[in-house]
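Engineer: Okay, so here is run.txt, and as you'll see once you scroll down, it has compact mmCIF, C-alpha atoms.
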# COMPACT_ATOMS: atom_id res chain seq x y z
CA MET A 1 2.59 -33.73 99.28
CA SER A 2 2.67 -30.26 100.81
CA ALA A 3 -0.51 -28.44 101.58
CA HIS A 4 0.42 -25.85 98.98
CA HIS A 5 1.00 -28.53 96.31
CA TRP A 6 -2.27 -30.31 97.18
CA PHE A 7 -4.23 -27.06 96.95
CA ALA A 8 -2.72 -26.29 93.54
CA CYS A 9 -3.74 -29.73 92.23
CA VAL A 10 -7.32 -29.30 93.45
CA MET A 11 -7.55 -25.88 91.81
CA LEU A 12 -6.22 -27.33 88.53
CA VAL A 13 -8.86 -30.09 88.54
CA CYS A 14 -11.63 -27.61 89.33
CA ALA A 15 -10.47 -25.26 86.59
CA SER A 16 -10.38 -28.12 84.06
CA ALA A 17 -13.90 -29.18 85.04
CA ALA A 18 -15.18 -25.63 84.79
CA THR A 19 -13.81 -25.11 81.30
CA ALA A 20 -14.75 -28.53 79.86
CA GLN A 21 -17.28 -28.27 77.03
CA PRO A 22 -20.32 -30.56 77.02
CA VAL A 23 -20.17 -33.35 74.47
CA ALA A 24 -23.03 -33.38 72.00
CA VAL A 25 -24.81 -36.73 71.98
CA ALA A 26 -26.51 -37.67 68.74
CA LEU A 27 -30.04 -38.82 69.47
CA PRO A 28 -31.67 -41.34 67.15
CA THR A 29 -34.07 -39.68 64.71
CA ALA A 30 -37.49 -41.13 64.09
CA ALA A 31 -37.94 -42.78 60.73
CA PRO A 32 -40.14 -40.73 58.40
CA ALA A 33 -43.69 -41.97 58.00
CA PRO A 34 -44.01 -44.12 54.88
CA ARG A 35 -45.67 -42.55 51.86
CA VAL A 36 -47.22 -43.99 48.72
CA THR A 37 -48.23 -42.45 45.41
CA VAL A 38 -51.56 -43.52 43.97
CA HIS A 39 -51.30 -43.13 40.21
CA THR A 40 -54.81 -42.73 38.78
CA SER A 41 -56.16 -41.93 35.34
CA MET A 42 -57.07 -38.49 36.73
CA GLY A 43 -53.75 -37.68 38.40
CA GLU A 44 -51.51 -38.58 41.33
CA ILE A 45 -52.38 -38.68 45.02
CA VAL A 46 -49.66 -38.95 47.68
CA ILE A 47 -50.70 -40.56 50.96
CA GLU A 48 -48.71 -40.49 54.19
CA LEU A 49 -49.37 -43.57 56.30
CA ALA A 50 -49.61 -43.78 60.10
CA PRO A 51 -48.07 -47.08 61.25
CA ASP A 52 -47.73 -45.68 64.78
CA LYS A 53 -51.53 -45.37 65.01
CA ALA A 54 -52.76 -48.26 62.88
CA PRO A 55 -49.88 -50.73 62.44
CA ALA A 56 -51.90 -53.73 61.25
CA THR A 57 -53.96 -51.64 58.84
CA VAL A 58 -50.88 -50.01 57.34
CA GLU A 59 -49.05 -53.32 56.99
CA ASN A 60 -52.11 -54.87 55.36
CA PHE A 61 -52.35 -52.00 52.88
CA LEU A 62 -48.63 -52.08 52.08
CA GLY A 63 -48.83 -55.83 51.57
CA TYR A 64 -51.42 -55.33 48.83
CA VAL A 65 -49.33 -52.50 47.36
CA ARG A 66 -46.20 -54.66 47.20
CA GLU A 67 -48.16 -57.44 45.50
CA GLY A 68 -49.37 -55.05 42.82
CA PHE A 69 -52.94 -55.87 43.85
CA TYR A 70 -54.26 -52.37 43.19
CA ASN A 71 -52.80 -52.10 39.69
CA GLY A 72 -55.69 -51.79 37.24
CA THR A 73 -58.42 -51.53 39.87
CA ILE A 74 -60.85 -48.62 39.89
CA VAL A 75 -62.38 -46.00 42.11
CA HIS A 76 -65.76 -47.70 42.19
CA ARG A 77 -67.66 -45.52 44.65
CA VAL A 78 -67.88 -41.73 44.46
CA ILE A 79 -70.19 -39.70 46.71
CA ASP A 80 -69.56 -35.98 46.33
CA ASN A 81 -70.33 -34.94 49.91
CA LEU A 82 -68.87 -38.02 51.58
CA LEU A 83 -65.99 -40.04 50.12
CA ILE A 84 -64.30 -41.73 47.19
CA GLN A 85 -63.55 -45.45 47.49
CA GLY A 86 -61.48 -48.00 45.62
CA GLY A 87 -59.37 -51.10 45.82
CA ALA A 88 -61.83 -53.89 45.04
CA TYR A 89 -62.87 -54.09 41.40
CA THR A 90 -61.34 -54.28 37.94
CA VAL A 91 -62.49 -51.95 35.15
CA ASP A 92 -65.23 -54.42 34.18
CA LEU A 93 -66.37 -54.58 37.84
CA GLN A 94 -64.99 -58.00 38.61
CA ALA A 95 -64.18 -58.30 42.31
CA LYS A 96 -60.56 -59.26 42.96
CA PRO A 97 -59.87 -62.02 45.51
CA THR A 98 -58.37 -60.73 48.74
CA HIS A 99 -56.56 -62.03 51.79
CA ALA A 100 -58.32 -62.69 55.08
CA PRO A 101 -59.73 -59.68 56.95
CA PHE A 102 -57.98 -58.33 60.02
CA ALA A 103 -58.88 -56.75 63.37
CA LEU A 104 -60.30 -53.23 63.35
CA GLU A 105 -57.99 -50.43 64.58
CA SER A 106 -60.47 -47.54 64.63
CA ASN A 107 -59.97 -46.56 68.28
CA ASN A 108 -56.56 -45.03 67.56
CA GLY A 109 -57.11 -41.31 68.13
CA LEU A 110 -57.35 -40.43 64.43
CA SER A 111 -60.53 -38.85 63.07
CA ASN A 112 -62.16 -39.22 59.68
CA LEU A 113 -61.43 -35.65 58.61
CA ARG A 114 -61.27 -34.34 55.06
CA GLY A 115 -58.25 -35.83 53.30
CA THR A 116 -57.78 -38.77 55.65
CA VAL A 117 -57.66 -42.33 54.36
CA ALA A 118 -59.52 -45.15 56.08
CA ALA A 119 -60.01 -48.87 55.65
CA ALA A 120 -63.40 -49.71 54.16
CA ARG A 121 -65.39 -52.52 55.74
CA ALA A 122 -68.90 -53.85 56.04
CA PRO A 123 -70.89 -51.65 58.48
CA SER A 124 -72.34 -54.79 60.05
CA ALA A 125 -68.98 -56.51 60.64
CA ALA A 126 -66.26 -54.63 62.51
CA ASP A 127 -63.38 -56.94 61.60
CA SER A 128 -64.15 -57.28 57.89
CA ALA A 129 -61.66 -54.88 56.21
CA THR A 130 -59.43 -56.33 53.49
CA ALA A 131 -58.12 -54.32 50.52
CA GLN A 132 -60.65 -51.51 50.02
CA PHE A 133 -59.92 -47.99 51.25
CA PHE A 134 -61.63 -44.64 51.05
CA ILE A 135 -60.62 -40.98 51.16
CA ASN A 136 -62.87 -38.64 53.12
CA VAL A 137 -63.73 -35.65 50.93
CA VAL A 138 -65.38 -33.83 53.86
CA ASP A 139 -65.09 -34.16 57.63
CA ASN A 140 -66.94 -37.37 58.58
CA PRO A 141 -66.85 -37.62 62.39
CA ARG A 142 -69.77 -40.06 62.27
CA PHE A 143 -67.27 -42.60 60.92
CA ASP A 144 -65.07 -42.31 64.03
CA TYR A 145 -64.95 -44.82 66.84
CA SER A 146 -67.48 -43.85 69.52
CA SER A 147 -68.17 -47.04 71.47
CA ASP A 148 -68.21 -50.84 71.38
CA SER A 149 -72.01 -50.92 71.54
CA SER A 150 -72.40 -51.98 67.88
CA ASP A 151 -70.33 -52.79 64.83
CA PHE A 152 -71.21 -49.41 63.32
CA THR A 153 -70.27 -47.36 66.40
CA LYS A 154 -66.86 -49.03 66.38
CA GLY A 155 -66.11 -46.78 63.43
CA PHE A 156 -63.72 -46.96 60.49
CA ALA A 157 -59.95 -47.07 60.98
CA VAL A 158 -58.04 -44.06 59.68
CA PHE A 159 -54.54 -45.12 58.66
CA GLY A 160 -53.20 -42.20 56.62
CA LYS A 161 -53.81 -38.81 55.05
CA VAL A 162 -53.44 -37.18 51.66
CA VAL A 163 -50.42 -34.87 51.66
CA SER A 164 -50.47 -34.04 47.94
CA GLY A 165 -53.15 -34.38 45.30
CA MET A 166 -56.33 -33.26 47.06
CA ASP A 167 -57.05 -31.35 43.87
CA VAL A 168 -57.19 -34.74 42.13
CA VAL A 169 -59.48 -36.09 44.85
CA ASP A 170 -61.76 -33.07 44.41
CA ARG A 171 -61.94 -33.61 40.66
CA ILE A 172 -62.83 -37.25 41.19
CA ARG A 173 -65.59 -36.42 43.67
CA LEU A 174 -67.39 -34.38 41.00
CA VAL A 175 -67.57 -36.98 38.24
CA PRO A 176 -71.02 -38.24 37.17
CA THR A 177 -72.01 -41.62 38.58
CA GLN A 178 -74.57 -44.32 37.89
CA ALA A 179 -75.70 -47.77 38.91
CA GLN A 180 -73.68 -50.49 37.24
CA ASP A 181 -74.12 -54.17 37.97
CA PRO A 182 -73.26 -55.51 40.51
CA LEU A 183 -73.19 -52.12 42.31
CA PRO A 184 -76.50 -50.33 42.92
CA ARG A 185 -75.20 -46.74 42.67
CA ASP A 186 -72.29 -44.27 42.83
CA VAL A 187 -70.13 -45.89 40.11
CA PRO A 188 -68.31 -43.35 37.90
CA VAL A 189 -69.74 -43.33 34.36
CA THR A 190 -66.19 -43.15 32.98
CA PRO A 191 -63.92 -45.56 34.88
CA ILE A 192 -61.32 -43.92 37.10
CA VAL A 193 -58.44 -46.36 37.03
CA ILE A 194 -55.90 -46.86 39.79
CA GLU A 195 -53.03 -47.58 37.44
CA ARG A 196 -50.66 -48.50 40.27
CA ILE A 197 -49.66 -47.60 43.82
CA GLU A 198 -45.97 -47.30 44.63
CA VAL A 199 -44.12 -46.91 47.90
CA LEU A 200 -41.94 -43.80 47.87
CA ALA A 201 -38.28 -44.06 48.86
CA ALA A 202 -37.22 -41.86 51.78
CA ALA A 203 -35.38 -39.49 49.42
CA GLN A 204 -38.60 -38.90 47.47
CA GLN A 205 -40.70 -37.98 50.49
Please re-express this file's structure in structure tokens.

Structural biologist:
Amino acid sequence: MSAHHWFACVMLVCASAATAQPVAVALPTAAPAPRVTVHTSMGEIVIELAPDKAPATVENFLGYVREGFYNGTIVHRVIDNLLIQGGAYTVDLQAKPTHAPFALESNNGLSNLRGTVAAARAPSAADSATAQFFINVVDNPRFDYSSDSSDFTKGFAVFGKVVSGMDVVDRIRLVPTQAQDPLPRDVPVTPIVIERIEVLAAAQQ
């Protein structure tokens, strides 16, 4: 090959490289966070779950949802300046049997702010959460993980947030309450029924 021919070939290769367009590479998109709709006798509440922050808590909750466990239960605890809580009792205040409790996931970076959803548990037993959950109606940083020094300071695990229906939550928080056996206080006078909870398909989110 002559020097002239070789030089022409090199220039052709360089020109082709210079004019080549970059190829777009499709990156995998993250799956949308799962959402559920809580159908209550006072309206609908849509909750977006956080499996990346509280995987065991979310899976536990979804397990109960899939079983239909929450259907016909009530919001049994309403404290206007604190929270609303449900997922344990039938309309006649019979406690429903639950699965075994699971390990607490409160130290996950999520705070108990207004509109967040957390797993209810016994304050004296960190790993006691089962089916009950509560929605914070105000910011409740005292419920956050702060240390391992006691079961209470280990906090309450946030595993989701209300993305639609806070107006329903705010109506619920204002209902009159009373003591009603076996609960000593904070039970709505008129039962607020959780008719069902359904997992939303991706297209509905």

Engineer: For A:Asn107, which residue out of A:Ser164, A:Phe143, A:Ile194, A:Val199 is the nearest one, using all atoms listed in the file?

Structural biologist: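 With all atoms listed in the file as the atom set, the closest residue is A:Phe143.
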
Engineer: Calculated over only C-alpha atoms, which of the candidates A:Asn71, A:Gln180, A:Asn140, A:Asn108 has the smallest distance to A:Ala50?

Structural biologist: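 Ranking A:Asn71, A:Gln180, A:Asn140, A:Asn108 by distance to A:Ala50, first place goes to A:Asn108.
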
Engineer: Can you tell me how far atom CA of A:Val38 sits from atom CA of A:Ile74, in Å to one decimal?

Structural biologist: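 Taking atom CA of A:Val38 and atom CA of A:Ile74, their separation equals 11.4 Å.
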
Engineer: Between atom CA of A:Thr130 and atom CA of A:Ala88, what is the distance in Å, rounded to a tenth?

Structural biologist: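 Going from atom CA of A:Thr130 over to atom CA of A:Ala88, I get 9.1 Å.
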
Engineer: I need the residue nearest A:Thr190 from this list: A:Val162, A:Pro97, A:His76, A:Val137. Use all atoms listed in the file for the distance.

Structural biologist: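 Comparing A:Val162, A:Pro97, A:His76, A:Val137 against A:Thr190, the winner is A:His76.
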
Engineer: Report the distance between atom CA of A:Thr177 and atom CA of A:Gly115 in Å, rounded to one decimal place.

Structural biologist: 21.0 Å

Engineer: Quick one: of A:Ile172, A:Ile47, A:Ile79, A:Val58, who's nearest to A:Ala119, counting all atoms listed in the file?

Structural biologist: A:Val58

Engineer: Looking at only C-alpha atoms, which of A:Glu48, A:Asp151, A:Asp127, A:Asp186 is the one that sits closest to A:Ala103?

Structural biologist: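 Of all the options, A:Asp127 lies closest to A:Ala103.
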
Engineer: Can you tell me, as a ChimeraX atom specification, what residues are no more than 12 Å from A:Val187 when counting only C-alpha atoms, ignoring any on the same chain fewer than 6 positions away?

Structural biologist: /A:74-80,84-86,89,91-93,172-181

Engineer: Next, write the just-selected residues to a file, as a short mmCIF file (atom, residue, chain, number, x, y, z; two decimals), keeping the file's coordinate frame, keeping C-alpha atoms as the atom set.

Structural biologist:
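Final output, saved to part_7.cif:
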data_model
loop_
_atom_site.label_atom_id
_atom_site.label_comp_id
_atom_site.auth_asym_id
_atom_site.auth_seq_id
_atom_site.Cartn_x
_atom_site.Cartn_y
_atom_site.Cartn_z
CA ILE A 74 -60.85 -48.62 39.89
CA VAL A 75 -62.38 -46.00 42.11
CA HIS A 76 -65.76 -47.70 42.19
CA ARG A 77 -67.66 -45.52 44.65
CA VAL A 78 -67.88 -41.73 44.46
CA ILE A 79 -70.19 -39.70 46.71
CA ASP A 80 -69.56 -35.98 46.33
CA ILE A 84 -64.30 -41.73 47.19
CA GLN A 85 -63.55 -45.45 47.49
CA GLY A 86 -61.48 -48.00 45.62
CA TYR A 89 -62.87 -54.09 41.40
CA VAL A 91 -62.49 -51.95 35.15
CA ASP A 92 -65.23 -54.42 34.18
CA LEU A 93 -66.37 -54.58 37.84
CA ILE A 172 -62.83 -37.25 41.19
CA ARG A 173 -65.59 -36.42 43.67
CA LEU A 174 -67.39 -34.38 41.00
CA VAL A 175 -67.57 -36.98 38.24
CA PRO A 176 -71.02 -38.24 37.17
CA THR A 177 -72.01 -41.62 38.58
CA GLN A 178 -74.57 -44.32 37.89
CA ALA A 179 -75.70 -47.77 38.91
CA GLN A 180 -73.68 -50.49 37.24
CA ASP A 181 -74.12 -54.17 37.97
#

Engineer: Using only C-alpha atoms, find the one residue out of A:Gly155, A:Tyr70, A:Ile135, A:Val65 that sits nearest to A:Leu104.

Structural biologist: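 With only C-alpha atoms as the atom set, the closest residue is A:Gly155.
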
Engineer: Residues at most 8 Å from A:Val168, counting all atoms listed in the file, excluding those fewer than 2 positions away in the same chain, as a list in words?

Structural biologist: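 In the requested format, the answer is Met42, Gly43, Glu44, Ile45, Gly165, Met166, Asp170, Arg171 and Ile172 of chain A.
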
Engineer: Skip A:Tyr64 itself and residues of its chain fewer than 5 positions away, then list as a PyMOL selection string all residues within 10 Å of it, counting only C-alpha atoms.

Structural biologist: chain A and resi 59+69-71+87+98-99+130-131+197
